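Printed here is protein23.cif (mmCIF, N, CA and C atoms):
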```cif
data_upload
#
loop_
_atom_site.label_atom_id
_atom_site.label_comp_id
_atom_site.auth_asym_id
_atom_site.auth_seq_id
_atom_site.Cartn_x
_atom_site.Cartn_y
_atom_site.Cartn_z
N MET A 628 182.74 38.55 -0.45
CA MET A 628 182.36 37.33 -1.12
C MET A 628 181.03 36.84 -0.54
N ALA A 629 180.16 36.39 -1.39
CA ALA A 629 178.85 35.89 -0.97
C ALA A 629 178.99 34.55 -0.26
N GLU A 630 178.14 34.33 0.74
CA GLU A 630 178.15 33.08 1.48
C GLU A 630 177.57 31.96 0.61
N THR A 631 178.23 30.82 0.62
CA THR A 631 177.77 29.67 -0.15
C THR A 631 176.72 28.91 0.65
N VAL A 632 175.60 28.61 0.01
CA VAL A 632 174.53 27.85 0.64
C VAL A 632 174.55 26.45 0.04
N HIS A 633 174.65 25.45 0.91
CA HIS A 633 174.70 24.07 0.46
C HIS A 633 173.44 23.73 -0.34
N LEU A 634 173.61 22.91 -1.36
CA LEU A 634 172.49 22.53 -2.23
C LEU A 634 171.32 21.96 -1.43
N LEU A 635 171.59 21.13 -0.44
CA LEU A 635 170.50 20.54 0.34
C LEU A 635 169.70 21.60 1.09
N GLU A 636 170.37 22.66 1.52
CA GLU A 636 169.65 23.76 2.16
C GLU A 636 168.80 24.51 1.13
N GLN A 637 169.30 24.66 -0.08
CA GLN A 637 168.53 25.32 -1.12
C GLN A 637 167.27 24.53 -1.46
N LEU A 638 167.39 23.21 -1.41
CA LEU A 638 166.24 22.35 -1.71
C LEU A 638 165.30 22.22 -0.52
N ASN A 639 165.75 22.67 0.65
CA ASN A 639 164.98 22.63 1.90
C ASN A 639 164.69 21.21 2.38
N TYR A 640 165.67 20.30 2.22
CA TYR A 640 165.59 19.02 2.91
C TYR A 640 165.71 19.33 4.39
N ARG A 641 164.86 18.72 5.21
CA ARG A 641 164.93 18.99 6.64
C ARG A 641 164.71 17.72 7.45
N THR A 642 165.37 17.67 8.60
CA THR A 642 165.25 16.53 9.50
C THR A 642 164.15 16.81 10.51
N VAL A 643 163.24 15.84 10.65
CA VAL A 643 162.13 15.95 11.59
C VAL A 643 162.43 15.15 12.85
N VAL A 644 162.97 13.94 12.69
CA VAL A 644 163.36 13.06 13.79
C VAL A 644 164.74 12.51 13.45
N ASP A 645 165.63 12.48 14.44
CA ASP A 645 166.97 11.92 14.25
C ASP A 645 167.34 11.15 15.51
N SER A 646 167.15 9.84 15.48
CA SER A 646 167.49 8.98 16.62
C SER A 646 168.11 7.69 16.10
N PRO A 647 168.72 6.89 16.96
CA PRO A 647 169.28 5.61 16.51
C PRO A 647 168.21 4.62 16.02
N GLU A 648 166.95 4.85 16.37
CA GLU A 648 165.87 3.95 15.95
C GLU A 648 165.26 4.34 14.61
N ARG A 649 165.21 5.63 14.33
CA ARG A 649 164.63 6.08 13.07
C ARG A 649 165.04 7.50 12.75
N VAL A 650 165.08 7.79 11.47
CA VAL A 650 165.31 9.14 10.99
C VAL A 650 164.16 9.49 10.05
N ILE A 651 163.57 10.65 10.27
CA ILE A 651 162.49 11.13 9.41
C ILE A 651 162.95 12.46 8.82
N MET A 652 162.87 12.56 7.49
CA MET A 652 163.23 13.79 6.79
C MET A 652 162.10 14.15 5.83
N GLU A 653 162.03 15.44 5.49
CA GLU A 653 160.99 15.91 4.57
C GLU A 653 161.58 16.86 3.53
N ILE A 654 160.85 16.97 2.43
CA ILE A 654 161.10 18.00 1.42
C ILE A 654 159.74 18.39 0.85
N ASP A 655 159.57 19.68 0.62
CA ASP A 655 158.31 20.17 0.05
C ASP A 655 158.28 19.96 -1.45
N ASN A 656 157.08 19.81 -1.99
CA ASN A 656 156.90 19.81 -3.44
C ASN A 656 156.67 21.27 -3.84
N ARG A 657 157.59 21.80 -4.64
CA ARG A 657 157.50 23.17 -5.13
C ARG A 657 157.54 23.12 -6.66
N PRO A 658 157.02 24.14 -7.31
CA PRO A 658 157.03 24.14 -8.78
C PRO A 658 158.43 23.95 -9.38
N ASP A 659 159.46 24.50 -8.74
CA ASP A 659 160.82 24.37 -9.29
C ASP A 659 161.42 22.99 -9.03
N LEU A 660 160.75 22.13 -8.25
CA LEU A 660 161.23 20.78 -7.97
C LEU A 660 160.34 19.70 -8.58
N ALA A 661 159.28 20.14 -9.27
CA ALA A 661 158.30 19.20 -9.80
C ALA A 661 158.59 18.87 -11.26
N ASN A 662 158.09 17.70 -11.67
CA ASN A 662 158.19 17.32 -13.08
C ASN A 662 157.03 17.96 -13.85
N THR A 663 156.91 17.63 -15.11
CA THR A 663 155.89 18.26 -15.96
C THR A 663 154.46 17.90 -15.55
N ARG A 664 154.29 16.88 -14.75
CA ARG A 664 152.96 16.48 -14.26
C ARG A 664 152.67 17.06 -12.87
N GLY A 665 153.62 17.83 -12.32
CA GLY A 665 153.40 18.46 -11.02
C GLY A 665 153.85 17.63 -9.84
N ALA A 666 154.44 16.48 -10.08
CA ALA A 666 154.91 15.61 -9.00
C ALA A 666 156.36 15.92 -8.68
N LEU A 667 156.74 15.72 -7.44
CA LEU A 667 158.12 15.91 -7.03
C LEU A 667 159.02 14.97 -7.84
N GLN A 668 160.13 15.49 -8.34
CA GLN A 668 161.06 14.71 -9.17
C GLN A 668 161.52 13.45 -8.44
N GLY A 669 161.54 12.32 -9.15
CA GLY A 669 161.95 11.05 -8.57
C GLY A 669 163.38 11.05 -8.07
N GLY A 670 164.27 11.76 -8.74
CA GLY A 670 165.65 11.83 -8.29
C GLY A 670 165.80 12.55 -6.96
N LEU A 671 164.93 13.54 -6.71
CA LEU A 671 164.96 14.22 -5.42
C LEU A 671 164.44 13.31 -4.32
N LEU A 672 163.47 12.44 -4.65
CA LEU A 672 163.01 11.44 -3.68
C LEU A 672 164.13 10.45 -3.38
N ALA A 673 164.86 10.03 -4.42
CA ALA A 673 165.98 9.10 -4.21
C ALA A 673 167.04 9.73 -3.31
N THR A 674 167.30 11.00 -3.49
CA THR A 674 168.27 11.69 -2.65
C THR A 674 167.77 11.77 -1.21
N LEU A 675 166.51 12.09 -1.03
CA LEU A 675 165.90 12.14 0.30
C LEU A 675 166.03 10.79 1.00
N ILE A 676 165.73 9.73 0.28
CA ILE A 676 165.83 8.37 0.81
C ILE A 676 167.26 8.06 1.22
N ASP A 677 168.21 8.35 0.35
CA ASP A 677 169.62 8.04 0.60
C ASP A 677 170.15 8.81 1.81
N ILE A 678 169.80 10.08 1.92
CA ILE A 678 170.29 10.89 3.03
C ILE A 678 169.71 10.40 4.35
N ALA A 679 168.40 10.16 4.40
CA ALA A 679 167.76 9.71 5.64
C ALA A 679 168.36 8.38 6.10
N ALA A 680 168.51 7.44 5.18
CA ALA A 680 169.07 6.13 5.54
C ALA A 680 170.53 6.25 5.94
N GLY A 681 171.28 7.09 5.25
CA GLY A 681 172.69 7.27 5.57
C GLY A 681 172.90 7.86 6.95
N ILE A 682 172.09 8.85 7.31
CA ILE A 682 172.19 9.43 8.65
C ILE A 682 171.89 8.35 9.70
N LEU A 683 170.82 7.59 9.47
CA LEU A 683 170.45 6.54 10.41
C LEU A 683 171.56 5.50 10.55
N CYS A 684 172.08 5.02 9.45
CA CYS A 684 173.13 4.00 9.49
C CYS A 684 174.39 4.52 10.16
N GLY A 685 174.64 5.82 10.03
CA GLY A 685 175.79 6.42 10.69
C GLY A 685 175.72 6.33 12.21
N HIS A 686 174.52 6.20 12.75
CA HIS A 686 174.35 6.04 14.20
C HIS A 686 174.79 4.65 14.68
N HIS A 687 174.98 3.72 13.76
CA HIS A 687 175.24 2.32 14.11
C HIS A 687 176.66 1.87 13.84
N VAL A 688 177.57 2.83 13.70
CA VAL A 688 178.99 2.50 13.50
C VAL A 688 179.82 3.16 14.59
N GLY A 689 181.06 2.72 14.69
CA GLY A 689 181.97 3.26 15.70
C GLY A 689 182.42 4.67 15.38
N PRO A 690 183.07 5.33 16.35
CA PRO A 690 183.50 6.72 16.17
C PRO A 690 184.53 6.92 15.06
N ASP A 691 185.29 5.88 14.72
CA ASP A 691 186.29 5.99 13.66
C ASP A 691 185.81 5.35 12.36
N GLN A 692 184.51 5.17 12.23
CA GLN A 692 183.94 4.55 11.03
C GLN A 692 182.94 5.50 10.39
N SER A 693 182.65 5.21 9.13
CA SER A 693 181.60 5.92 8.40
C SER A 693 180.87 4.92 7.52
N VAL A 694 179.86 5.38 6.82
CA VAL A 694 179.10 4.50 5.93
C VAL A 694 179.03 5.12 4.54
N THR A 695 178.87 4.26 3.55
CA THR A 695 178.66 4.72 2.19
C THR A 695 177.63 3.81 1.53
N THR A 696 176.82 4.37 0.67
CA THR A 696 175.77 3.61 0.01
C THR A 696 176.40 2.54 -0.88
N ALA A 697 175.97 1.30 -0.68
CA ALA A 697 176.44 0.19 -1.50
C ALA A 697 175.34 -0.28 -2.46
N ASP A 698 174.10 -0.11 -2.07
CA ASP A 698 172.98 -0.60 -2.88
C ASP A 698 171.74 0.22 -2.54
N LEU A 699 170.96 0.55 -3.56
CA LEU A 699 169.74 1.33 -3.37
C LEU A 699 168.67 0.79 -4.31
N ASN A 700 167.55 0.38 -3.74
CA ASN A 700 166.43 -0.14 -4.52
C ASN A 700 165.19 0.64 -4.14
N ILE A 701 164.55 1.26 -5.12
CA ILE A 701 163.35 2.07 -4.86
C ILE A 701 162.20 1.56 -5.70
N HIS A 702 161.06 1.38 -5.06
CA HIS A 702 159.81 1.11 -5.76
C HIS A 702 158.97 2.38 -5.64
N TYR A 703 158.80 3.08 -6.77
CA TYR A 703 157.95 4.27 -6.79
C TYR A 703 156.52 3.77 -6.93
N LEU A 704 155.66 4.13 -5.97
CA LEU A 704 154.31 3.60 -5.92
C LEU A 704 153.25 4.62 -6.30
N ALA A 705 153.49 5.87 -6.00
CA ALA A 705 152.54 6.95 -6.32
C ALA A 705 153.31 8.26 -6.34
N PRO A 706 152.85 9.24 -7.11
CA PRO A 706 153.56 10.52 -7.15
C PRO A 706 153.32 11.33 -5.87
N VAL A 707 154.31 12.15 -5.53
CA VAL A 707 154.14 13.11 -4.44
C VAL A 707 153.62 14.39 -5.09
N ILE A 708 152.32 14.62 -4.91
CA ILE A 708 151.65 15.76 -5.55
C ILE A 708 151.52 16.94 -4.59
N GLU A 709 151.01 16.70 -3.41
CA GLU A 709 150.79 17.78 -2.45
C GLU A 709 152.03 18.01 -1.59
N GLY A 710 152.52 16.96 -0.99
CA GLY A 710 153.68 17.06 -0.13
C GLY A 710 153.32 17.57 1.25
N PRO A 711 154.31 17.70 2.10
CA PRO A 711 155.69 17.36 1.80
C PRO A 711 155.89 15.86 1.64
N ALA A 712 156.99 15.50 1.01
CA ALA A 712 157.40 14.09 0.97
C ALA A 712 158.10 13.81 2.29
N ARG A 713 157.65 12.79 3.00
CA ARG A 713 158.25 12.42 4.28
C ARG A 713 158.87 11.04 4.16
N ALA A 714 160.18 10.96 4.41
CA ALA A 714 160.91 9.69 4.36
C ALA A 714 161.18 9.24 5.79
N GLU A 715 160.78 8.00 6.10
CA GLU A 715 161.04 7.43 7.42
C GLU A 715 161.95 6.23 7.25
N ALA A 716 163.16 6.35 7.80
CA ALA A 716 164.18 5.30 7.69
C ALA A 716 164.24 4.50 8.98
N THR A 717 164.32 3.17 8.82
CA THR A 717 164.50 2.26 9.95
C THR A 717 165.58 1.24 9.59
N ILE A 718 166.17 0.64 10.61
CA ILE A 718 167.21 -0.37 10.40
C ILE A 718 166.55 -1.74 10.22
N VAL A 719 166.98 -2.45 9.19
CA VAL A 719 166.56 -3.84 8.99
C VAL A 719 167.55 -4.77 9.69
N ARG A 720 168.84 -4.52 9.46
CA ARG A 720 169.89 -5.30 10.11
C ARG A 720 171.17 -4.48 10.12
N ALA A 721 171.82 -4.44 11.28
CA ALA A 721 173.08 -3.73 11.41
C ALA A 721 174.19 -4.73 11.70
N GLY A 722 174.98 -5.03 10.68
CA GLY A 722 176.12 -5.93 10.85
C GLY A 722 177.41 -5.14 11.01
N ARG A 723 178.54 -5.88 11.14
CA ARG A 723 179.83 -5.21 11.31
C ARG A 723 180.33 -4.56 10.02
N ARG A 724 179.98 -5.11 8.88
CA ARG A 724 180.48 -4.60 7.59
C ARG A 724 179.39 -4.08 6.66
N LEU A 725 178.14 -4.44 6.94
CA LEU A 725 177.03 -4.01 6.09
C LEU A 725 175.82 -3.71 6.96
N ILE A 726 175.18 -2.58 6.69
CA ILE A 726 173.95 -2.21 7.39
C ILE A 726 172.86 -2.08 6.34
N VAL A 727 171.71 -2.71 6.60
CA VAL A 727 170.57 -2.64 5.68
C VAL A 727 169.48 -1.79 6.34
N ALA A 728 168.98 -0.84 5.58
CA ALA A 728 167.92 0.06 6.06
C ALA A 728 166.72 -0.02 5.12
N ALA A 729 165.55 0.31 5.65
CA ALA A 729 164.32 0.43 4.86
C ALA A 729 163.82 1.86 5.00
N VAL A 730 163.28 2.39 3.90
CA VAL A 730 162.74 3.75 3.93
C VAL A 730 161.39 3.75 3.22
N ASP A 731 160.38 4.26 3.90
CA ASP A 731 159.07 4.50 3.29
C ASP A 731 158.91 6.00 3.10
N VAL A 732 158.43 6.40 1.91
CA VAL A 732 158.18 7.81 1.62
C VAL A 732 156.68 8.00 1.47
N THR A 733 156.14 8.98 2.18
CA THR A 733 154.72 9.28 2.16
C THR A 733 154.49 10.68 1.63
N ASP A 734 153.45 10.84 0.81
CA ASP A 734 152.96 12.18 0.45
C ASP A 734 152.06 12.59 1.60
N VAL A 735 152.58 13.42 2.49
CA VAL A 735 151.86 13.77 3.72
C VAL A 735 150.51 14.40 3.42
N GLY A 736 150.45 15.29 2.45
CA GLY A 736 149.20 15.98 2.13
C GLY A 736 148.09 15.06 1.68
N ARG A 737 148.46 13.95 1.06
CA ARG A 737 147.45 12.99 0.60
C ARG A 737 147.42 11.74 1.47
N ASP A 738 148.29 11.66 2.47
CA ASP A 738 148.40 10.49 3.35
C ASP A 738 148.49 9.21 2.52
N ARG A 739 149.44 9.22 1.58
CA ARG A 739 149.58 8.11 0.63
C ARG A 739 151.03 7.67 0.55
N LEU A 740 151.26 6.36 0.59
CA LEU A 740 152.60 5.82 0.43
C LEU A 740 153.05 6.06 -1.01
N ALA A 741 154.18 6.75 -1.15
CA ALA A 741 154.67 7.12 -2.48
C ALA A 741 155.82 6.25 -2.95
N ALA A 742 156.63 5.73 -2.01
CA ALA A 742 157.77 4.90 -2.39
C ALA A 742 158.17 4.02 -1.21
N ARG A 743 158.74 2.88 -1.55
CA ARG A 743 159.32 1.96 -0.55
C ARG A 743 160.70 1.59 -1.05
N SER A 744 161.67 1.63 -0.15
CA SER A 744 163.06 1.45 -0.55
C SER A 744 163.82 0.61 0.46
N THR A 745 164.81 -0.13 -0.03
CA THR A 745 165.79 -0.79 0.82
C THR A 745 167.17 -0.36 0.35
N LEU A 746 168.07 -0.20 1.31
CA LEU A 746 169.42 0.25 1.01
C LEU A 746 170.41 -0.55 1.81
N GLY A 747 171.56 -0.81 1.20
CA GLY A 747 172.68 -1.41 1.90
C GLY A 747 173.78 -0.38 2.02
N PHE A 748 174.37 -0.27 3.21
CA PHE A 748 175.47 0.65 3.44
C PHE A 748 176.69 -0.14 3.89
N ALA A 749 177.80 0.06 3.20
CA ALA A 749 179.06 -0.53 3.60
C ALA A 749 179.63 0.28 4.76
N VAL A 750 180.17 -0.43 5.75
CA VAL A 750 180.81 0.23 6.89
C VAL A 750 182.29 0.38 6.57
N LEU A 751 182.78 1.60 6.66
CA LEU A 751 184.17 1.91 6.30
C LEU A 751 184.96 2.27 7.56
N ASP A 752 186.16 1.71 7.65
CA ASP A 752 187.07 2.08 8.73
C ASP A 752 187.83 3.33 8.33
N ALA A 753 188.32 4.05 9.33
CA ALA A 753 189.11 5.27 9.07
C ALA A 753 190.35 4.89 8.26
N ARG A 754 190.79 5.81 7.40
CA ARG A 754 191.98 5.56 6.58
C ARG A 754 193.23 5.69 7.40
#
```

Take the structure in the file and write it out as structure tokens.
Amino acid sequence: MAETVHLLEQLNYRTVVDSPERVIMEIDNRPDLANTRGALQGGLLATLIDIAAGILCGHHVGPDQSVTTADLNIHYLAPVIEGPARAEATIVRAGRRLIVAAVDVTDVGRDRLAARSTLGFAVLDAR
């Protein structure tokens, strides 16, 4: 039987920095991930944002807790043409039941801010 490769590995999402203060992740712009104008698909940017923020927020809960996305707001400011797209997540506020994170996405090749996002994560206790 062939080994299954997780979708995120196929897309080549990768973690550059992973600490309690910030998480930085990247994805390359490739022809198979671009829209008809050559820009990285917006939904892939949304996924990158959500994953980076979720990993970061997971650092701010107890060992028997997890987080789930409760709210996601993205302002797309410019297309990611060259890439890679780099998402940098930081904590805005970490409460007991809700954690708010901010994520900026940059088109590294053009040194241009491509998106700014805020996310709320609900803190879940173990079942």

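A straight line drawn from atom N of A:Gln692 to atom C of A:Val750 is 7.7 Å long.
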
DSSP alpha helix (DSSP H) residues within stretch 670-747 of chain A, as number ranges by chain: A: 670-685

A:Asp731 environment, 8 Å, only C-alpha atoms, sequence neighbours closer than 3 positions dropped, as a list in words: Ala714, Glu715, Ala716, Leu740, Ala741, Ala742, Arg743 and Ser744 of chain A

Surrounding residues of A:Leu746 excluding itself and chain neighbours under 6 positions, 6.5 Å, all atoms listed in the file, as a ChimeraX atom specification: /A:697-700,726-730

Would you save the residues from that selection as an mmCIF file, in the frame of the given file, using N, CA and C atoms?
```cif
data_model
loop_
_atom_site.group_PDB
_atom_site.id
_atom_site.type_symbol
_atom_site.label_atom_id
_atom_site.label_comp_id
_atom_site.auth_asym_id
_atom_site.auth_seq_id
_atom_site.Cartn_x
_atom_site.Cartn_y
_atom_site.Cartn_z
ATOM 1 N N ALA A 697 175.970 1.300 -0.680
ATOM 2 C CA ALA A 697 176.440 0.190 -1.500
ATOM 3 C C ALA A 697 175.340 -0.280 -2.460
ATOM 4 N N ASP A 698 174.100 -0.110 -2.070
ATOM 5 C CA ASP A 698 172.980 -0.600 -2.880
ATOM 6 C C ASP A 698 171.740 0.220 -2.540
ATOM 7 N N LEU A 699 170.960 0.550 -3.560
ATOM 8 C CA LEU A 699 169.740 1.330 -3.370
ATOM 9 C C LEU A 699 168.670 0.790 -4.310
ATOM 10 N N ASN A 700 167.550 0.380 -3.740
ATOM 11 C CA ASN A 700 166.430 -0.140 -4.520
ATOM 12 C C ASN A 700 165.190 0.640 -4.140
ATOM 13 N N ILE A 726 175.180 -2.580 6.690
ATOM 14 C CA ILE A 726 173.950 -2.210 7.390
ATOM 15 C C ILE A 726 172.860 -2.080 6.340
ATOM 16 N N VAL A 727 171.710 -2.710 6.600
ATOM 17 C CA VAL A 727 170.570 -2.640 5.680
ATOM 18 C C VAL A 727 169.480 -1.790 6.340
ATOM 19 N N ALA A 728 168.980 -0.840 5.580
ATOM 20 C CA ALA A 728 167.920 0.060 6.060
ATOM 21 C C ALA A 728 166.720 -0.020 5.120
ATOM 22 N N ALA A 729 165.550 0.310 5.650
ATOM 23 C CA ALA A 729 164.320 0.430 4.860
ATOM 24 C C ALA A 729 163.820 1.860 5.000
ATOM 25 N N VAL A 730 163.280 2.390 3.900
ATOM 26 C CA VAL A 730 162.740 3.750 3.930
ATOM 27 C C VAL A 730 161.390 3.750 3.220
#
```

Backbone-only DSSP, strand (DSSP E) members of chain A, as a ChimeraX atom specification: /A:641-645,649-654,692-703,712-721,725-734,739-752

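What the PyMOL selection byres (((chain A and resi 686 and name CA) around 12) and name CA) matches in the given file is Asp645, Ser646, Pro647, Glu648, Arg649, Val650, Ala679, Ala680, Gly681, Ile682, Leu683, Cys684, Gly685, His687, Val688, Gly689, Pro690, Asp691, Gln692, Ser693, Val694, Thr717, Ile718, Ala721, Ile726, Ala728 and Val750 of chain A.
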
Who sits within 7 Å of stretch 641-643 of chain A, only N, CA and C atoms, same chain under 6 positions skipped, as JSON, numbers by chain: {"A": [635, 650, 651, 652, 653, 654]}

For A:Ala666, the nearest of the candidates A:Ile708, A:Gly736, A:Asn639, A:Thr745, counting all atoms listed in the file: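 Closest to A:Ala666 of all the choices is A:Ile708.
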
Extending 5 Å beyond the listed atoms of stretch 662-672 of chain A on each side, what axis-aligned box results? I want centre and edge lengths in Å to one decimal, as lines of an AutoDock Vina configuration file.
```
center_x = 159.2
center_y = 14.5
center_z = -9.7
size_x = 23.1
size_y = 18.0
size_z = 22.6
```

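Residue membership of the PyMOL selection byres ((chain A and resi 656) around 6) in the shown file amounts to Ile654, Asp655, Arg657, Pro658, Leu667, Glu709, Gly710, Pro711 and Ala712 of chain A.
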